[in-house]
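Novice: query-v6.csv is reproduced below (CSV, N, CA and C atoms).
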chain,number,residue,atom,x,y,z
A,91,MET,N,0.8,-1.2,0.0
A,91,MET,CA,0.0,0.0,0.0
A,91,MET,C,0.9,1.2,0.0
A,92,SER,N,0.5,2.2,-0.7
A,92,SER,CA,1.2,3.5,-0.8
A,92,SER,C,1.1,4.2,0.5
A,93,ASP,N,2.1,5.0,0.9
A,93,ASP,CA,2.1,5.8,2.1
A,93,ASP,C,1.3,7.1,1.7
A,94,ARG,N,1.1,7.4,0.5
A,94,ARG,CA,0.5,8.6,0.1
A,94,ARG,C,-1.0,8.6,0.5
A,95,VAL,N,-1.5,9.6,1.1
A,95,VAL,CA,-2.9,9.7,1.5
A,95,VAL,C,-3.7,10.0,0.2
A,96,ARG,N,-4.7,9.1,-0.1
A,96,ARG,CA,-5.5,9.3,-1.2
A,96,ARG,C,-6.9,9.5,-0.8
A,97,THR,N,-7.5,10.6,-1.1
A,97,THR,CA,-8.9,10.9,-0.7
A,97,THR,C,-9.6,11.6,-1.8
A,98,ALA,N,-10.9,11.6,-1.7
A,98,ALA,CA,-11.7,12.2,-2.8
A,98,ALA,C,-11.3,13.7,-2.9
A,99,GLY,N,-11.0,14.1,-4.1
A,99,GLY,CA,-10.6,15.5,-4.3
A,99,GLY,C,-9.1,15.7,-4.0
A,100,GLU,N,-8.4,14.6,-3.7
A,100,GLU,CA,-7.0,14.7,-3.4
A,100,GLU,C,-6.6,15.7,-2.4
A,101,ARG,N,-7.3,15.7,-1.3
A,101,ARG,CA,-7.0,16.7,-0.2
A,101,ARG,C,-5.6,16.4,0.3
A,102,PRO,N,-4.8,17.4,0.7
A,102,PRO,CA,-3.5,17.1,1.3
A,102,PRO,C,-3.5,16.3,2.5
A,103,ALA,N,-2.4,15.6,2.8
A,103,ALA,CA,-2.3,14.8,4.0
A,103,ALA,C,-2.3,15.7,5.3
A,104,THR,N,-2.8,15.2,6.3
A,104,THR,CA,-2.9,15.9,7.6
A,104,THR,C,-1.9,15.3,8.6
A,105,CYS,N,-1.1,16.2,9.2
A,105,CYS,CA,-0.2,15.8,10.2
A,105,CYS,C,-0.9,15.8,11.6
A,106,PRO,N,-1.0,14.7,12.3
A,106,PRO,CA,-1.6,14.7,13.6
A,106,PRO,C,-0.7,15.2,14.8
A,107,SER,N,0.4,15.8,14.4
A,107,SER,CA,1.3,16.3,15.5
A,107,SER,C,2.0,17.6,14.9
A,108,ALA,N,1.2,18.5,14.5
A,108,ALA,CA,1.7,19.7,13.9
A,108,ALA,C,2.0,20.8,15.0
A,109,PRO,N,2.8,21.8,14.6
A,109,PRO,CA,3.1,22.8,15.6
A,109,PRO,C,1.8,23.6,15.9
A,110,PRO,N,1.7,24.2,17.1
A,110,PRO,CA,0.6,25.0,17.4
A,110,PRO,C,0.8,26.4,16.8
A,111,GLU,N,0.1,26.7,15.7
A,111,GLU,CA,0.3,27.9,15.0
A,111,GLU,C,-1.0,28.3,14.3
A,112,PRO,N,-1.3,29.5,14.0
A,112,PRO,CA,-2.5,29.9,13.3
A,112,PRO,C,-2.6,29.1,12.0
A,113,GLY,N,-3.8,28.5,11.8
A,113,GLY,CA,-4.0,27.7,10.6
A,113,GLY,C,-4.0,26.2,11.0
A,114,SER,N,-3.5,25.9,12.1
A,114,SER,CA,-3.6,24.5,12.6
A,114,SER,C,-4.9,24.3,13.3
A,115,ALA,N,-5.2,23.1,13.8
A,115,ALA,CA,-6.4,22.9,14.6
A,115,ALA,C,-6.0,22.1,15.9
A,116,LEU,N,-6.8,22.5,16.9
A,116,LEU,CA,-6.6,21.7,18.2
A,116,LEU,C,-7.2,20.3,18.0
A,117,LEU,N,-6.4,19.3,18.0
A,117,LEU,CA,-6.8,18.0,17.8
A,117,LEU,C,-7.2,17.3,19.1
A,118,GLY,N,-6.4,17.6,20.2
A,118,GLY,CA,-6.7,16.9,21.4
A,118,GLY,C,-6.1,17.6,22.6
A,119,VAL,N,-6.5,17.1,23.8
A,119,VAL,CA,-5.9,17.7,25.0
A,119,VAL,C,-5.3,16.5,25.8
A,120,VAL,N,-4.1,16.8,26.3
A,120,VAL,CA,-3.3,15.8,27.1
A,120,VAL,C,-4.0,15.6,28.4
A,121,THR,N,-4.4,14.4,28.8
A,121,THR,CA,-5.0,14.1,30.1
A,121,THR,C,-4.0,13.9,31.2
A,122,GLY,N,-4.4,13.8,32.4
A,122,GLY,CA,-3.5,13.5,33.5
A,122,GLY,C,-2.8,12.2,33.4
A,123,LYS,N,-3.3,11.3,32.6
A,123,LYS,CA,-2.6,10.0,32.3
A,123,LYS,C,-1.5,10.2,31.2
A,124,GLY,N,-1.4,11.4,30.7
A,124,GLY,CA,-0.4,11.6,29.6
A,124,GLY,C,-0.8,11.1,28.2
A,125,GLN,N,-2.1,10.9,28.1
A,125,GLN,CA,-2.7,10.5,26.8
A,125,GLN,C,-3.5,11.6,26.2
A,126,VAL,N,-3.6,11.6,24.9
A,126,VAL,CA,-4.4,12.6,24.2
A,126,VAL,C,-5.9,12.2,24.1
A,127,ALA,N,-6.7,13.1,24.6
A,127,ALA,CA,-8.2,12.9,24.4
A,127,ALA,C,-8.6,13.8,23.3
A,128,TYR,N,-9.2,13.3,22.3
A,128,TYR,CA,-9.5,14.0,21.1
A,128,TYR,C,-10.7,15.0,21.3
A,129,VAL,N,-10.5,16.2,20.6
A,129,VAL,CA,-11.5,17.2,20.6
A,129,VAL,C,-12.3,17.1,19.3
A,130,ASN,N,-13.6,16.9,19.3
A,130,ASN,CA,-14.4,16.8,18.1
A,130,ASN,C,-15.6,17.8,18.2
A,131,PRO,N,-15.8,18.6,17.3
A,131,PRO,CA,-14.9,18.8,16.1
A,131,PRO,C,-13.6,19.6,16.6
A,132,PRO,N,-12.6,19.5,15.7
A,132,PRO,CA,-11.4,20.3,16.1
A,132,PRO,C,-11.6,21.8,16.1
A,133,VAL,N,-10.8,22.5,16.9
A,133,VAL,CA,-11.0,23.9,17.1
A,133,VAL,C,-9.9,24.6,16.2
A,134,ALA,N,-10.3,25.5,15.4
A,134,ALA,CA,-9.3,26.3,14.6
A,134,ALA,C,-8.4,27.1,15.5
A,135,VAL,N,-7.1,27.1,15.2
A,135,VAL,CA,-6.2,27.8,16.0
A,135,VAL,C,-6.0,29.3,15.5
A,136,THR,N,-6.2,30.2,16.4
A,136,THR,CA,-6.0,31.6,16.0
A,136,THR,C,-4.9,32.2,16.9
A,137,PRO,N,-4.4,33.4,16.6
A,137,PRO,CA,-3.4,34.0,17.4
A,137,PRO,C,-3.9,34.2,18.8
A,138,GLU,N,-5.2,34.6,18.9
A,138,GLU,CA,-5.8,34.9,20.2
A,138,GLU,C,-5.9,33.6,21.1
A,139,LEU,N,-6.2,32.5,20.4
A,139,LEU,CA,-6.3,31.2,21.2
A,139,LEU,C,-5.0,30.9,21.7
A,140,LEU,N,-3.9,31.0,20.9
A,140,LEU,CA,-2.6,30.7,21.3
A,140,LEU,C,-2.1,31.6,22.5
A,141,ASP,N,-2.4,32.9,22.4
A,141,ASP,CA,-2.1,33.8,23.4
A,141,ASP,C,-2.8,33.4,24.8
A,142,GLY,N,-4.0,33.0,24.7
A,142,GLY,CA,-4.7,32.6,25.9
A,142,GLY,C,-4.1,31.3,26.5
A,143,PHE,N,-3.7,30.4,25.7
A,143,PHE,CA,-3.0,29.1,26.2
A,143,PHE,C,-1.7,29.5,26.8
A,144,ALA,N,-0.9,30.4,26.2
A,144,ALA,CA,0.4,30.7,26.6
A,144,ALA,C,0.4,31.4,28.0
A,145,LYS,N,-0.7,32.1,28.3
A,145,LYS,CA,-0.7,32.8,29.6
A,145,LYS,C,-0.6,31.8,30.8
A,146,ARG,N,-0.9,30.5,30.6
A,146,ARG,CA,-0.9,29.6,31.7
A,146,ARG,C,0.5,29.2,32.1
A,147,GLY,N,1.6,29.5,31.3
A,147,GLY,CA,2.9,29.2,31.7
A,147,GLY,C,3.5,27.9,31.3
A,148,ILE,N,2.7,26.9,31.0
A,148,ILE,CA,3.1,25.6,30.7
A,148,ILE,C,3.2,25.5,29.1
A,149,PRO,N,4.3,25.0,28.6
A,149,PRO,CA,4.3,24.9,27.1
A,149,PRO,C,3.1,24.2,26.5
A,150,ILE,N,2.5,24.9,25.5
A,150,ILE,CA,1.3,24.4,24.9
A,150,ILE,C,1.4,23.0,24.5
A,151,GLU,N,2.5,22.6,23.9
A,151,GLU,CA,2.7,21.2,23.4
A,151,GLU,C,2.7,20.1,24.5
A,152,ASN,N,2.8,20.5,25.7
A,152,ASN,CA,2.7,19.6,26.9
A,152,ASN,C,1.3,19.3,27.2
A,153,ARG,N,0.4,20.2,26.8
A,153,ARG,CA,-1.0,20.1,27.2
A,153,ARG,C,-2.0,19.8,26.1
A,154,MET,N,-1.6,20.0,24.9
A,154,MET,CA,-2.5,19.9,23.7
A,154,MET,C,-1.7,19.3,22.5
A,155,ARG,N,-2.5,18.7,21.6
A,155,ARG,CA,-1.9,18.3,20.4
A,155,ARG,C,-2.7,18.9,19.2
A,156,PHE,N,-2.0,19.3,18.2
A,156,PHE,CA,-2.5,20.0,17.1
A,156,PHE,C,-2.4,19.3,15.8
A,157,SER,N,-3.3,19.5,14.8
A,157,SER,CA,-3.1,18.9,13.5
A,157,SER,C,-3.0,20.1,12.5
A,158,GLY,N,-2.4,19.7,11.4
A,158,GLY,CA,-2.2,20.7,10.3
A,158,GLY,C,-1.7,20.0,9.1
A,159,ARG,N,-1.5,20.7,8.0
A,159,ARG,CA,-1.1,20.1,6.8
A,159,ARG,C,0.3,19.5,6.9
A,160,CYS,N,0.4,18.3,6.4
A,160,CYS,CA,1.7,17.6,6.5
A,160,CYS,C,2.7,18.3,5.6
A,161,MET,N,3.8,18.6,6.2
A,161,MET,CA,4.9,19.4,5.5
A,161,MET,C,5.8,18.5,4.7
A,162,GLU,N,5.6,17.2,4.8
A,162,GLU,CA,6.4,16.2,4.1
A,162,GLU,C,7.9,16.5,4.3
A,163,HIS,N,8.7,16.6,3.2
A,163,HIS,CA,10.1,16.7,3.3
A,163,HIS,C,10.6,18.0,4.0
A,164,ARG,N,9.7,18.9,4.2
A,164,ARG,CA,10.1,20.2,5.0
A,164,ARG,C,10.1,20.0,6.5
A,165,CYS,N,9.7,18.8,6.9
A,165,CYS,CA,9.6,18.4,8.3
A,165,CYS,C,10.8,17.6,8.8
A,166,VAL,N,11.3,17.9,10.0
A,166,VAL,CA,12.4,17.1,10.5
A,166,VAL,C,12.1,15.7,10.7
A,167,GLN,N,10.9,15.3,10.8
A,167,GLN,CA,10.5,13.9,11.0
A,167,GLN,C,10.4,13.1,9.7
A,168,TRP,N,10.4,13.8,8.6
A,168,TRP,CA,10.2,13.1,7.3
A,168,TRP,C,11.4,12.2,7.0
A,169,ALA,N,11.1,11.0,6.5
A,169,ALA,CA,12.1,10.0,6.1
A,169,ALA,C,11.9,9.7,4.7
A,170,GLY,N,12.9,10.0,3.9
A,170,GLY,CA,12.9,9.7,2.5
A,170,GLY,C,12.8,10.9,1.6
A,171,ALA,N,12.7,10.7,0.3
A,171,ALA,CA,12.8,11.7,-0.7
A,171,ALA,C,11.5,12.5,-0.7
A,172,PRO,N,11.5,13.8,-1.2
A,172,PRO,CA,10.3,14.5,-1.4
A,172,PRO,C,9.4,13.8,-2.3
A,173,GLY,N,8.1,13.7,-1.9
A,173,GLY,CA,7.1,13.0,-2.7
A,173,GLY,C,7.1,11.5,-2.6
A,174,ALA,N,8.2,10.9,-2.0
A,174,ALA,CA,8.3,9.5,-2.0
A,174,ALA,C,8.6,8.9,-0.6
A,175,GLY,N,8.6,9.8,0.4
A,175,GLY,CA,8.9,9.4,1.8
A,175,GLY,C,7.7,9.1,2.7
A,176,ARG,N,8.0,9.2,4.0
A,176,ARG,CA,7.0,8.9,4.9
A,176,ARG,C,7.3,9.6,6.2
A,177,CYS,N,6.3,9.6,7.1
A,177,CYS,CA,6.5,10.2,8.4
A,177,CYS,C,7.3,9.3,9.3
A,178,GLY,N,8.5,9.7,9.7
A,178,GLY,CA,9.3,8.8,10.6
A,178,GLY,C,8.9,8.8,12.0
A,179,LEU,N,8.1,9.8,12.4
A,179,LEU,CA,7.7,9.9,13.8
A,179,LEU,C,6.8,8.7,14.2
A,180,ILE,N,5.8,8.4,13.3
A,180,ILE,CA,4.9,7.3,13.6
A,180,ILE,C,5.6,6.0,13.5
A,181,ASP,N,6.5,5.9,12.6
A,181,ASP,CA,7.3,4.6,12.5
A,181,ASP,C,8.1,4.4,13.8
A,182,HIS,N,8.8,5.4,14.3
A,182,HIS,CA,9.5,5.4,15.5
A,182,HIS,C,8.6,5.1,16.7
A,183,ALA,N,7.5,5.7,16.8
A,183,ALA,CA,6.6,5.5,17.9
A,183,ALA,C,6.1,4.1,18.0
A,184,LEU,N,5.8,3.5,16.9
A,184,LEU,CA,5.3,2.1,16.9
A,184,LEU,C,6.3,1.2,17.4
A,185,VAL,N,7.6,1.4,17.0
A,185,VAL,CA,8.7,0.6,17.5
A,185,VAL,C,8.8,0.8,19.1
A,186,GLU,N,8.9,2.1,19.5
A,186,GLU,CA,9.1,2.4,20.9
A,186,GLU,C,8.0,1.9,21.8
A,187,LEU,N,6.8,2.0,21.3
A,187,LEU,CA,5.6,1.5,22.1
A,187,LEU,C,5.3,0.0,21.9
A,188,ALA,N,6.1,-0.6,21.0
A,188,ALA,CA,6.0,-2.1,20.8
A,188,ALA,C,4.6,-2.4,20.3
A,189,ILE,N,4.0,-1.6,19.4
A,189,ILE,CA,2.7,-1.8,18.9
A,189,ILE,C,2.8,-2.5,17.5
A,190,THR,N,2.2,-3.6,17.4
A,190,THR,CA,2.2,-4.4,16.2
A,190,THR,C,0.8,-4.6,15.7
A,191,ASP,N,-0.2,-4.6,16.6
A,191,ASP,CA,-1.6,-4.7,16.1
A,191,ASP,C,-2.3,-3.4,16.2
A,192,GLY,N,-3.3,-3.4,15.4
A,192,GLY,CA,-4.1,-2.1,15.4
A,192,GLY,C,-5.1,-2.0,16.6
A,193,ALA,N,-5.6,-0.9,16.8
A,193,ALA,CA,-6.6,-0.6,17.8
A,193,ALA,C,-7.8,-1.4,17.5
A,194,GLU,N,-8.4,-2.1,18.5
A,194,GLU,CA,-9.6,-2.8,18.3
A,194,GLU,C,-10.8,-1.9,18.0
A,195,THR,N,-10.8,-0.8,18.8
A,195,THR,CA,-11.9,0.2,18.5
A,195,THR,C,-11.1,1.5,18.1
A,196,LEU,N,-11.5,2.0,17.0
A,196,LEU,CA,-10.9,3.3,16.6
A,196,LEU,C,-11.5,4.5,17.3
A,197,PRO,N,-10.7,5.4,17.8
A,197,PRO,CA,-11.2,6.6,18.4
A,197,PRO,C,-12.0,7.4,17.4
A,198,HIS,N,-12.9,8.3,17.9
A,198,HIS,CA,-13.6,9.2,17.1
A,198,HIS,C,-12.6,10.3,16.7
A,199,CYS,N,-12.1,10.2,15.5
A,199,CYS,CA,-11.0,11.1,15.0
A,199,CYS,C,-11.5,12.0,13.9
A,200,SER,N,-11.3,13.2,14.0
A,200,SER,CA,-11.7,14.1,12.9
A,200,SER,C,-10.9,14.2,11.7
A,201,ILE,N,-9.7,13.6,11.7
A,201,ILE,CA,-8.7,13.7,10.6
A,201,ILE,C,-8.4,12.4,9.9
A,202,ARG,N,-9.0,11.3,10.4
A,202,ARG,CA,-8.6,10.0,9.9
A,202,ARG,C,-8.6,9.9,8.3
A,203,ALA,N,-9.5,10.5,7.7
A,203,ALA,CA,-9.6,10.4,6.2
A,203,ALA,C,-8.4,11.0,5.5
A,204,THR,N,-7.7,11.9,6.2
A,204,THR,CA,-6.5,12.5,5.5
A,204,THR,C,-5.2,12.3,6.4
A,205,CYS,N,-5.3,11.6,7.5
A,205,CYS,CA,-4.2,11.5,8.4
A,205,CYS,C,-3.0,10.7,7.8
A,206,ARG,N,-1.8,11.4,7.8
A,206,ARG,CA,-0.6,10.8,7.3
A,206,ARG,C,-0.3,9.5,8.1
A,207,TRP,N,-0.4,9.4,9.4
A,207,TRP,CA,-0.1,8.2,10.1
A,207,TRP,C,-1.0,7.1,9.8
A,208,PHE,N,-2.3,7.4,9.7
A,208,PHE,CA,-3.3,6.3,9.3
A,208,PHE,C,-3.0,5.8,7.9
A,209,ALA,N,-2.6,6.6,7.0
A,209,ALA,CA,-2.3,6.2,5.7
A,209,ALA,C,-1.1,5.2,5.7
A,210,GLN,N,-0.1,5.4,6.6
A,210,GLN,CA,1.0,4.6,6.7
A,210,GLN,C,0.8,3.3,7.4
A,211,HIS,N,0.0,3.3,8.5
A,211,HIS,CA,0.0,2.2,9.4
A,211,HIS,C,-1.5,1.8,9.8
A,212,GLN,N,-2.4,2.4,9.2
A,212,GLN,CA,-3.8,2.0,9.5
A,212,GLN,C,-4.1,2.0,11.0
A,213,ARG,N,-4.8,0.9,11.5
A,213,ARG,CA,-5.2,0.8,12.8
A,213,ARG,C,-4.1,0.9,13.9
A,214,ALA,N,-2.9,0.4,13.5
A,214,ALA,CA,-1.8,0.5,14.4
A,214,ALA,C,-1.5,1.9,14.8
A,215,ALA,N,-1.6,2.8,13.8
A,215,ALA,CA,-1.3,4.2,14.0
A,215,ALA,C,-2.3,4.8,15.0
A,216,CYS,N,-3.6,4.3,15.0
A,216,CYS,CA,-4.6,4.8,15.9
A,216,CYS,C,-4.3,4.3,17.3
A,217,ALA,N,-3.7,3.1,17.4
A,217,ALA,CA,-3.3,2.6,18.7
A,217,ALA,C,-2.2,3.4,19.4
A,218,ALA,N,-1.3,3.9,18.6
A,218,ALA,CA,-0.2,4.7,19.1
A,218,ALA,C,-0.5,6.2,19.3
A,219,CYS,N,-1.4,6.7,18.5
A,219,CYS,CA,-1.7,8.1,18.4
A,219,CYS,C,-2.0,8.8,19.8
A,220,PRO,N,-2.8,8.2,20.6
A,220,PRO,CA,-3.1,8.9,21.9
A,220,PRO,C,-1.8,9.0,22.8
A,221,GLU,N,-0.8,8.2,22.6
A,221,GLU,CA,0.4,8.1,23.4
A,221,GLU,C,1.4,9.2,23.0
A,222,ILE,N,1.2,9.8,21.9
A,222,ILE,CA,2.3,10.7,21.3
A,222,ILE,C,2.0,12.1,21.7
A,223,ILE,N,2.9,12.7,22.4
A,223,ILE,CA,2.8,14.1,22.8
A,223,ILE,C,4.0,14.9,22.1
A,224,ARG,N,3.6,16.0,21.5
A,224,ARG,CA,4.7,16.7,20.7
A,224,ARG,C,5.9,17.1,21.5
A,225,ARG,N,5.7,17.6,22.7
A,225,ARG,CA,6.8,17.9,23.6
A,225,ARG,C,6.6,17.4,25.0
A,226,PRO,N,6.9,16.2,25.3
A,226,PRO,CA,6.6,15.7,26.6
A,226,PRO,C,7.3,16.4,27.7
A,227,SER,N,6.7,16.5,28.9
A,227,SER,CA,7.4,17.2,30.0
A,227,SER,C,8.7,16.5,30.4
A,228,ALA,N,9.6,17.3,31.0
A,228,ALA,CA,10.9,16.7,31.3
A,228,ALA,C,10.9,16.1,32.7
A,229,GLU,N,9.8,15.6,33.2
A,229,GLU,CA,9.7,15.0,34.5
A,229,GLU,C,10.5,13.7,34.6
Would you mind giving the structure from this file in structure tokens?
Specialist:
Amino acid sequence: MSDRVRTAGERPATCPSAPPEPGSALLGVVTGKGQVAYVNPPVAVTPELLDGFAKRGIPIENRMRFSGRCMEHRCVQWAGAPGAGRCGLIDHALVELAITDGAETLPHCSIRATCRWFAQHQRAACAACPEIIRRPSAE
């Protein structure tokens, strides 16, 4: 199977671990257990929203996860050539988390149809996704 996300209308692939910036969307909130609880529908990120989050003093990436357009070869996590590579973050996460099987029940996810990780690993990506935090705390 190709790693390329193929959807009706050829929508671009979505990164489920994008930087928090205007134009991205709030995908989920990190719970006390350190897992991501998905927000549905996702909330569009605005400068005002980011300013409000920043006032709390904890790095936003420790508390929330964002989605945005996959930057492919322009991303530090990209593995391979432009147009022919894949997201190395989900590949690494599956190895580190020792996930080989897919999630029995898929979470209610707003980006699955265009998700880069789902395109690469299907249900296994969904099993790993709630465990991935963009910038885990240094505890």
Novice: Show me, as an MDAnalysis selection string, the residues that have an atom within 8 Å of His198 of chain A when counting all atoms listed in the file, minus same-chain residues fewer than 5 positions from it.
Specialist: chainID A and resid 128:130
Novice: Give me, please, the distance in Å between atom CA of Arg146 of chain A and atom CA of Val120 of chain A, quoted to one decimal.
Specialist: 14.7 Å
Novice: Give the helix (DSSP H, G or I) residues of chain A, as assigned by DSSP on the backbone, as a ChimeraX atom specification.
Specialist: /A:98-100,137-144,150-153,162-164,178-186,202-204,206-211,213-221
Novice: Calculated over only C-alpha atoms, which of the candidates A:Gln125, A:Gln167, A:Asn152, A:Ser157 has the smallest distance to Gly113 of chain A?
Specialist: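 Checking each candidate against Gly113 of chain A, we get A:Ser157 as the closest.
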Novice: Contacts of Gly158 of chain A at 6.5 Å or less, counting all atoms listed in the file, minus same-chain residues fewer than 6 places along, as a list in words?
Specialist: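 Contacts, in chain order: Ala103, Thr104, Cys105, Pro106, Ser107, Ala108, Pro109, Gly113, Ser114 and Ala115 of chain A.
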Novice: Atom N of Met154 of chain A and atom CA of Leu196 of chain A, how far apart in Å?
Specialist: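 Atom N of Met154 of chain A lies 20.8 Å from atom CA of Leu196 of chain A.
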Novice: What does the structure give for the distance between atom N of Val119 of chain A and atom CA of Arg153 of chain A, in Å to one decimal?
Specialist: 7.1 Å
Novice: For Ala183 of chain A, which residue out of A:Ile148, A:Ala218, A:Ala134, A:Lys123 is the nearest one, using only C-alpha atoms?
Specialist: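 Counting only C-alpha atoms, the residue closest to Ala183 of chain A is A:Ala218.
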Novice: According to DSSP computed on the backbone, where in chain A is there strand (DSSP E or B)? Give the residues as number ranges by chain.
Specialist: A: 104-108, 112, 114-120, 126-134, 154-159, 168-169, 176-177, 205
Novice: Would you mind listing what lies within 8 Å of Pro197 of chain A as a ChimeraX atom specification, with only N, CA and C atoms counted and same-chain residues fewer than 4 positions away left out?
Specialist: /A:128,193,216-217
Novice: Within 12 Å of Thr136 of chain A, counting only C-alpha atoms, which residues show up once you throw out same-chain ones fewer than 4 positions away? Write them as a list in words, please.
Specialist: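 Within the cut-off, the hits are Pro110, Glu111, Pro112, Gly113, Ser114, Ala115, Leu116, Leu140, Asp141, Gly142 and Phe143 of chain A.
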Novice: I'd like to know which of A:Ile189, A:Leu117, A:Ala127, A:Ala215 is closest to Arg155 of chain A, using all atoms listed in the file.
Specialist: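 Answer, going by the shortest atom-to-atom distance: A:Leu117.
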Novice: Find, counting all atoms listed in the file, the residue in A:Val166, A:Glu151, A:Arg159, A:His182 that gets nearest to Pro102 of chain A.
Specialist: A:Arg159
Novice: Using only N, CA and C atoms, which residue out of A:Arg176, A:Arg101, A:His163, A:Arg224 lies closest to Gln210 of chain A?
Specialist: A:Arg176
